[in-house]
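Enquirer: My structure file input_12.cif, mmCIF, C-alpha atoms, is below:
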```
data_entry
#
loop_
_atom_site.label_atom_id
_atom_site.label_comp_id
_atom_site.auth_asym_id
_atom_site.auth_seq_id
_atom_site.Cartn_x
_atom_site.Cartn_y
_atom_site.Cartn_z
CA MET A 1 21.26 -9.64 37.68
CA PRO A 2 20.27 -9.08 41.33
CA LYS A 3 16.53 -8.92 41.86
CA ARG A 4 16.68 -5.39 43.34
CA ASN A 5 18.56 -4.02 40.31
CA HIS A 6 16.19 -5.85 37.93
CA ARG A 7 13.21 -4.13 39.57
CA ALA A 8 14.96 -0.77 39.22
CA LEU A 9 15.14 -1.26 35.42
CA THR A 10 11.47 -2.24 34.91
CA GLU A 11 8.33 -0.14 35.03
CA PRO A 12 6.05 -0.37 38.07
CA PRO A 13 3.09 -2.80 37.53
CA ALA A 14 0.57 0.01 37.95
CA LEU A 15 2.21 2.02 35.16
CA ARG A 16 2.20 -1.01 32.82
CA ILE A 17 -1.49 -1.63 33.52
CA ILE A 18 -2.35 2.03 32.90
CA LEU A 19 -0.38 2.13 29.62
CA THR A 20 -1.99 -1.12 28.47
CA LEU A 21 -5.48 0.17 29.25
CA VAL A 22 -4.76 3.44 27.44
CA ALA A 23 -3.52 1.57 24.36
CA LEU A 24 -6.51 -0.82 24.33
CA SER A 25 -8.95 2.07 24.82
CA PHE A 26 -7.36 3.98 21.95
CA LEU A 27 -7.57 0.93 19.66
CA ALA A 28 -11.19 0.29 20.63
CA LEU A 29 -12.18 3.93 20.06
CA PHE A 30 -10.37 4.62 16.79
CA LEU A 31 -10.15 1.17 15.13
CA ILE A 32 -12.65 -1.36 16.41
CA LEU A 33 -15.59 1.04 16.91
CA PRO A 34 -15.37 2.57 13.38
CA LEU A 35 -15.12 -0.93 11.84
CA ALA A 36 -18.14 -2.09 13.82
CA ALA A 37 -20.06 1.03 12.71
CA VAL A 38 -19.30 0.31 9.04
CA PHE A 39 -20.61 -3.26 9.20
CA SER A 40 -23.58 -2.22 11.35
CA GLN A 41 -24.66 0.43 8.83
CA ALA A 42 -24.01 -1.88 5.89
CA LEU A 43 -26.30 -4.61 7.30
CA GLU A 44 -28.86 -2.24 8.85
CA LYS A 45 -31.53 -3.05 6.21
CA GLY A 46 -30.78 -6.74 5.99
CA TRP A 47 -28.61 -9.16 4.07
CA GLY A 48 -30.72 -8.88 0.91
CA VAL A 49 -30.20 -5.13 0.59
CA TYR A 50 -26.51 -5.61 1.35
CA THR A 51 -25.96 -8.18 -1.41
CA THR A 52 -28.07 -6.14 -3.86
CA ALA A 53 -25.82 -3.12 -3.26
CA LEU A 54 -22.72 -5.20 -3.97
CA ALA A 55 -24.27 -6.82 -7.06
CA ASP A 56 -25.14 -3.44 -8.61
CA ALA A 57 -23.50 -2.99 -12.02
CA ASP A 58 -21.65 0.19 -11.02
CA ALA A 59 -20.41 -1.41 -7.79
CA ALA A 60 -19.24 -4.50 -9.68
CA SER A 61 -17.41 -2.27 -12.16
CA ALA A 62 -15.73 -0.36 -9.31
CA ILE A 63 -14.65 -3.61 -7.64
CA LYS A 64 -13.28 -4.96 -10.93
CA LEU A 65 -11.35 -1.74 -11.68
CA THR A 66 -9.89 -1.70 -8.15
CA LEU A 67 -8.67 -5.28 -8.49
CA VAL A 68 -7.28 -4.70 -12.00
CA THR A 69 -5.41 -1.61 -10.79
CA ALA A 70 -3.91 -3.56 -7.88
CA LEU A 71 -2.98 -6.49 -10.15
CA ILE A 72 -1.06 -4.12 -12.45
CA THR A 73 0.59 -1.81 -9.92
CA VAL A 74 1.64 -4.27 -7.22
CA PRO A 75 3.83 -6.51 -9.47
CA LEU A 76 5.42 -3.42 -11.08
CA ASN A 77 6.13 -1.83 -7.69
CA THR A 78 7.49 -5.14 -6.43
CA PHE A 79 9.94 -5.33 -9.34
CA PHE A 80 11.05 -1.68 -9.08
CA GLY A 81 11.12 -1.84 -5.26
CA VAL A 82 13.42 -4.88 -5.22
CA ALA A 83 15.68 -3.32 -7.86
CA ALA A 84 15.88 0.01 -6.02
CA ALA A 85 16.50 -1.65 -2.66
CA TRP A 86 19.18 -3.93 -4.09
CA ALA A 87 20.97 -1.00 -5.75
CA ILE A 88 20.80 1.26 -2.68
CA ALA A 89 21.68 -1.39 -0.09
CA ARG A 90 24.42 -3.20 -2.01
CA PHE A 91 26.24 -0.67 -4.19
CA GLU A 92 27.95 2.69 -3.88
CA PHE A 93 27.38 5.03 -6.82
CA PRO A 94 27.06 8.76 -7.52
CA GLY A 95 23.56 10.00 -6.76
CA LYS A 96 22.76 7.23 -4.27
CA ALA A 97 21.49 9.73 -1.68
CA PHE A 98 19.36 11.41 -4.34
CA LEU A 99 17.84 8.06 -5.39
CA THR A 100 17.06 7.26 -1.74
CA ALA A 101 15.32 10.62 -1.39
CA LEU A 102 13.33 9.98 -4.58
CA VAL A 103 12.06 6.69 -3.14
CA ASP A 104 10.54 8.63 -0.25
CA LEU A 105 9.07 11.36 -2.47
CA PRO A 106 5.51 9.88 -2.67
CA PHE A 107 5.40 9.86 1.15
CA SER A 108 6.07 13.60 1.30
CA VAL A 109 3.79 14.70 -1.54
CA SER A 110 0.03 14.94 -1.10
CA PRO A 111 -1.82 12.35 -3.25
CA VAL A 112 -3.94 15.16 -4.68
CA ILE A 113 -0.77 16.94 -5.86
CA SER A 114 0.41 13.67 -7.40
CA GLY A 115 -2.83 13.42 -9.38
CA LEU A 116 -2.53 17.02 -10.55
CA VAL A 117 1.02 16.32 -11.77
CA PHE A 118 -0.28 13.56 -14.04
CA VAL A 119 -3.04 15.85 -15.29
CA LEU A 120 -0.34 18.43 -16.11
CA LEU A 121 1.65 15.80 -18.02
CA PHE A 122 -1.07 13.82 -19.80
CA GLY A 123 -4.19 16.02 -19.66
CA LEU A 124 -5.86 17.60 -22.67
CA GLN A 125 -3.82 20.78 -22.16
CA GLY A 126 -0.78 18.97 -20.71
CA TRP A 127 2.73 18.51 -22.04
CA PHE A 128 2.11 15.15 -23.73
CA GLY A 129 -1.70 15.03 -23.70
CA PRO A 130 -2.37 16.56 -27.16
CA TRP A 131 0.12 14.19 -28.85
CA LEU A 132 -1.27 11.11 -27.05
CA ILE A 133 -4.89 12.02 -27.77
CA GLY A 134 -3.96 12.76 -31.39
CA HIS A 135 -2.64 9.21 -31.68
CA GLY A 136 -5.67 7.65 -30.00
CA TYR A 137 -4.26 7.23 -26.46
CA LYS A 138 -6.29 8.54 -23.55
CA VAL A 139 -4.55 8.62 -20.16
CA ILE A 140 -6.45 11.10 -17.97
CA PHE A 141 -10.05 10.16 -17.14
CA ALA A 142 -9.22 6.61 -18.19
CA ILE A 143 -7.69 3.46 -16.69
CA PRO A 144 -4.04 4.32 -17.64
CA GLY A 145 -4.23 7.50 -15.56
CA ILE A 146 -5.62 5.59 -12.57
CA VAL A 147 -2.85 3.00 -12.87
CA LEU A 148 -0.14 5.70 -13.12
CA ALA A 149 -1.46 7.62 -10.10
CA THR A 150 -1.71 4.44 -8.02
CA LEU A 151 1.73 3.34 -9.17
CA PHE A 152 3.21 6.62 -7.95
CA VAL A 153 1.63 6.71 -4.49
CA THR A 154 2.40 3.03 -3.76
CA PHE A 155 5.97 2.95 -5.06
CA PRO A 156 7.83 3.35 -1.71
CA PHE A 157 6.18 0.50 0.21
CA VAL A 158 8.24 -2.43 -1.10
CA ALA A 159 11.51 -0.48 -1.39
CA ARG A 160 11.19 1.10 2.06
CA GLU A 161 10.59 -2.30 3.64
CA LEU A 162 13.59 -3.90 1.95
CA ILE A 163 16.29 -1.19 2.14
CA PRO A 164 16.87 -1.24 5.95
CA LEU A 165 16.48 -5.03 6.02
CA MET A 166 19.11 -5.59 3.31
CA GLU A 167 21.46 -3.01 4.87
CA SER A 168 21.23 -4.72 8.28
CA GLN A 169 21.95 -8.16 6.78
CA GLY A 170 25.15 -7.04 5.09
CA ARG A 171 26.64 -8.70 2.02
CA GLU A 172 28.98 -11.32 3.52
CA GLU A 173 26.90 -14.29 2.31
CA GLU A 174 26.62 -12.84 -1.20
CA GLU A 175 30.36 -12.16 -1.39
CA ALA A 176 31.05 -15.72 -0.24
CA ALA A 177 28.76 -17.10 -2.98
CA LEU A 178 30.42 -14.92 -5.62
CA THR A 179 33.85 -16.02 -4.40
CA LEU A 180 32.80 -19.66 -4.82
CA GLY A 181 31.88 -19.01 -8.44
CA ALA A 182 28.13 -18.30 -8.33
CA SER A 183 26.83 -15.85 -10.92
CA GLY A 184 25.19 -12.57 -9.93
CA TRP A 185 21.67 -13.76 -10.77
CA LYS A 186 22.22 -17.10 -9.02
CA THR A 187 23.44 -15.26 -5.93
CA PHE A 188 20.40 -13.01 -6.03
CA PHE A 189 17.83 -15.81 -6.35
CA LEU A 190 19.52 -18.29 -3.97
CA ILE A 191 20.97 -15.93 -1.33
CA THR A 192 19.56 -12.40 -1.48
CA LEU A 193 15.90 -13.09 -2.19
CA PRO A 194 15.39 -15.90 0.41
CA ASN A 195 16.96 -13.68 3.09
CA VAL A 196 14.43 -10.89 2.50
CA LYS A 197 11.36 -12.94 1.52
CA TRP A 198 9.27 -12.09 4.63
CA GLY A 199 10.11 -8.40 4.40
CA LEU A 200 9.25 -8.52 0.71
CA LEU A 201 5.87 -10.14 1.42
CA TYR A 202 5.19 -7.54 4.11
CA GLY A 203 5.94 -4.73 1.65
CA ILE A 204 3.71 -6.33 -0.99
CA LEU A 205 0.83 -6.55 1.50
CA LEU A 206 1.15 -2.87 2.41
CA CYS A 207 1.42 -1.93 -1.27
CA THR A 208 -1.71 -3.96 -2.11
CA ALA A 209 -3.74 -2.42 0.71
CA ARG A 210 -2.80 1.12 -0.36
CA ALA A 211 -3.43 0.37 -4.05
CA MET A 212 -6.99 -0.78 -3.32
CA GLY A 213 -7.75 2.06 -0.90
CA GLU A 214 -6.11 5.03 -2.65
CA PHE A 215 -8.51 7.96 -3.03
CA GLY A 216 -6.86 11.37 -3.52
CA ALA A 217 -4.63 10.83 -6.56
CA VAL A 218 -7.13 8.51 -8.25
CA SER A 219 -9.94 11.00 -7.65
CA VAL A 220 -8.08 13.71 -9.59
CA VAL A 221 -7.29 11.61 -12.69
CA SER A 222 -10.38 9.39 -12.85
CA GLY A 223 -13.09 11.84 -13.89
CA HIS A 224 -15.60 9.96 -11.66
CA ILE A 225 -17.29 8.23 -14.61
CA ARG A 226 -19.81 5.71 -13.31
CA GLY A 227 -19.17 2.15 -14.43
CA GLU A 228 -15.89 3.14 -16.13
CA THR A 229 -13.34 5.00 -13.98
CA ASN A 230 -14.70 4.69 -10.45
CA THR A 231 -12.71 2.57 -8.02
CA ILE A 232 -14.26 1.34 -4.77
CA PRO A 233 -13.35 4.45 -2.69
CA LEU A 234 -14.72 6.77 -5.40
CA HIS A 235 -17.92 4.73 -5.72
CA VAL A 236 -18.43 4.90 -1.95
CA GLU A 237 -18.08 8.68 -2.05
CA ILE A 238 -20.66 8.99 -4.84
CA LEU A 239 -23.17 6.75 -3.04
CA TYR A 240 -22.68 8.68 0.21
CA ASN A 241 -23.16 12.05 -1.51
CA GLU A 242 -26.40 10.71 -3.00
CA TYR A 243 -27.64 9.82 0.53
CA ASN A 244 -27.60 6.12 -0.38
CA TYR A 245 -26.00 5.31 2.96
CA THR A 246 -26.74 1.59 3.09
CA ALA A 247 -25.15 0.95 -0.31
CA ALA A 248 -22.22 3.24 0.54
CA PHE A 249 -21.46 1.36 3.75
CA ALA A 250 -22.02 -2.01 2.03
CA VAL A 251 -19.34 -1.23 -0.56
CA ALA A 252 -17.14 0.36 2.12
CA SER A 253 -17.36 -2.86 4.12
CA LEU A 254 -15.54 -4.58 1.26
CA LEU A 255 -12.55 -2.31 1.82
CA ALA A 256 -12.81 -3.00 5.54
CA VAL A 257 -12.74 -6.75 4.87
CA MET A 258 -9.71 -6.29 2.61
CA ALA A 259 -7.99 -4.31 5.38
CA LEU A 260 -8.73 -7.04 7.92
CA VAL A 261 -7.42 -9.73 5.54
CA THR A 262 -4.27 -7.64 5.06
CA LEU A 263 -3.90 -7.29 8.83
CA VAL A 264 -4.20 -11.05 9.35
CA ALA A 265 -1.75 -11.74 6.51
CA LYS A 266 0.67 -9.17 8.01
CA GLN A 267 0.56 -10.96 11.36
CA VAL A 268 1.18 -14.31 9.65
CA VAL A 269 4.14 -12.85 7.74
CA GLU A 270 5.60 -11.33 10.92
CA TRP A 271 5.17 -14.65 12.75
CA LYS A 272 6.80 -16.59 9.91
CA GLY A 273 9.66 -14.08 9.73
CA ARG A 274 10.71 -14.57 13.39
#
```
Take the structure in this file and express it as C-alpha cells.

Expert:
Amino acid sequence: MPKRNHRALTEPPALRIILTLVALSFLALFLILPLAAVFSQALEKGWGVYTTALADADAASAIKLTLVTALITVPLNTFFGVAAAWAIARFEFPGKAFLTALVDLPFSVSPVISGLVFVLLFGLQGWFGPWLIGHGYKVIFAIPGIVLATLFVTFPFVARELIPLMESQGREEEEAALTLGASGWKTFFLITLPNVKWGLLYGILLCTARAMGEFGAVSVVSGHIRGETNTIPLHVEILYNEYNYTAAFAVASLLAVMALVTLVAKQVVEWKGR
C-alpha cells in the first residue's frame, strides 16, 4: 500500500497519545488507586494486626466457606457450560433460541432477585421449604442455599465463553473424525475439547473469580450467621459496619489478591491461546 494511503487509514500520532493517556489515567484512577488503598488500609496498623485479622476464627470460617463454595460450583458450572455450549453450537433442535436466552438469564437478573427466588422456593414459607425442613434438610440460611445462589449467578461464564468460540471453529474436523470411524465421545475428547481448551480455562477463571466475590445473591440466602454462613464478602461487610476498618480491609485484601491472581492467569491463558 502506498505510504500516503497508509497514513490516511491510521490515526494521527497526537490522537493515539491522547487516547493512550486517557486509558492509562482511567485505569490508574479506577483500578490501581482503589487496589492500593485497600492494601494501604489493611497494613496501616502493621503486619501483626493484619495477620491477626486473617487468623480470626470467623475470618477463617468465611475463607473456608468461600473456597468450598467455589470448589463445588465451578466444576458443576464447567460441566453444564460445556454441555450447553456443545449442544447450542453443534446441533439444531427445537427450543435452541430459548436455551440460548436461558444461558444469559443470570446476566440480566439482579443477584438480589436471584437470592429472593431461592428464598421463595426453599424458604420456611416457600414452595418446597416446609417439606425439606420436615425431612431434616435446610437450604436457606445454610451452605446449600449459598451454593445454589452462587451456582445460578456464575452459570453463564463458561457457556458464554465457549459458544461463540465453538461456532466460529465450525464442525469440519469433528465430521471428518466421525467419518473415519471415531465415536462421539472420542471425537469430543480428542477433537472438540483440545480446540476450545484455552477458552474453557478462561471461562473457568472468570467463573471462579465471580464465585468467590459474589455478594448480592449470597447475602439474601445466607442469613449472615458468623462462623457458619458468612463468605468473605459478607464478613468484610460485617467488619466494616462494626467500624473494624483494619480487619475489614485485611480480609478484603484477600479478595484483591485473588482478583490479581485471576488477572495474571487470564493473561497467561490469553498468551497461550494465541

Enquirer: With distances taken over all atoms listed in the file, which residue among A:Val112, A:Leu105, A:Ala85, A:Ala149 lies nearest A:Ile72?

Expert: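 Residue with the minimum atom-to-atom distance to A:Ile72: A:Ala149.
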
Enquirer: I'd like the contact shell of A:Ile133 - 12 Å cut-off, only C-alpha atoms, skipping same-chain residues fewer than 5 positions apart - returned as a ChimeraX atom specification.

Expert: /A:122-128,138-142

Enquirer: Go ahead and compute the interatomic distance for atom CA of A:Val261 and atom CA of A:Ala53, in Å to one decimal.

Expert: 21.4 Å

Enquirer: What is the atom CA of A:Ala60 to atom CA of A:His235 distance in Å?

Expert: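 Taking atom CA of A:Ala60 and atom CA of A:His235, their separation equals 10.1 Å.
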
Enquirer: For the structure provided, state which residues fall under the PyMOL selection byres ((chain A and resi 210) around 10), and present them as a list in words.

Expert: Ala70, Val74, Thr150, Val153, Thr154, Phe157, Ile204, Leu205, Leu206, Cys207, Thr208, Ala209, Ala211, Met212, Gly213, Glu214, Phe215 and Ala259 of chain A

Enquirer: Those same residues - C-alpha atoms - I'd like them written as a compact mmCIF listing (two decimals), keeping the file's coordinate frame.

Expert:
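Output contents, as saved in result_24.txt:
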```txt
# COMPACT_ATOMS: atom_id res chain seq x y z
CA ALA A 70 -3.91 -3.56 -7.88
CA VAL A 74 1.64 -4.27 -7.22
CA THR A 150 -1.71 4.44 -8.02
CA VAL A 153 1.63 6.71 -4.49
CA THR A 154 2.40 3.03 -3.76
CA PHE A 157 6.18 0.50 0.21
CA ILE A 204 3.71 -6.33 -0.99
CA LEU A 205 0.83 -6.55 1.50
CA LEU A 206 1.15 -2.87 2.41
CA CYS A 207 1.42 -1.93 -1.27
CA THR A 208 -1.71 -3.96 -2.11
CA ALA A 209 -3.74 -2.42 0.71
CA ALA A 211 -3.43 0.37 -4.05
CA MET A 212 -6.99 -0.78 -3.32
CA GLY A 213 -7.75 2.06 -0.90
CA GLU A 214 -6.11 5.03 -2.65
CA PHE A 215 -8.51 7.96 -3.03
CA ALA A 259 -7.99 -4.31 5.38
```

Enquirer: Taking the file as shown, what set of residues would the PyMOL selection byres ((chain A and resi 195) around 12) give back, as a PyMOL selection string?

Expert: chain A and resi 162+165-171+173-174+187-194+196-201+273

Enquirer: Quick one, how far is atom CA of A:Tyr50 from atom CA of A:Ala248?

Expert: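 Computed distance, atom CA of A:Tyr50 to atom CA of A:Ala248, equals 9.9 Å.
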
Enquirer: Here is a test: counting only C-alpha atoms, which residue of A:Val103, A:Ser183, A:Phe91, A:Val158 is nearest to A:Thr73?

Expert: A:Val158

Enquirer: Once the PyMOL selection byres ((chain A and resi 84) around 10) has been applied to the shown file, what residues remain in the selection, as a list in words?

Expert: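 With the PyMOL selection byres ((chain A and resi 84) around 10) on this model, the match is Thr78, Phe79, Phe80, Gly81, Val82, Ala83, Ala85, Trp86, Ala87, Ile88, Ala89, Arg90, Leu99, Thr100, Val103, Pro156, Val158, Ala159, Arg160, Leu162 and Ile163 of chain A.
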
Enquirer: For A:Thr229, please output as a PyMOL selection string all residues within 8 Å (counting all atoms listed in the file; exclusion window: fewer than 2 positions along the same chain).

Expert: chain A and resi 62+65+141-143+146+222-227+231

Enquirer: Just need the box for stretch 154-161 of chain A, edges along x, y and z, holding every atom the file lists for it with 8 Å tacked onto each side, so centre and edge lengths in Å to one decimal, as AutoDock Vina command-line options.

Expert:
```
--center_x 7.0 --center_y 0.5 --center_z -0.7 --size_x 25.1 --size_y 21.8 --size_z 24.7
```

Enquirer: So, with all atoms listed in the file as the atoms that count, which of A:Ala177, A:Ile113, A:Leu31, A:Val220 lies closest to A:Gly145?

Expert: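 The answer is A:Val220, which sits nearest to A:Gly145.
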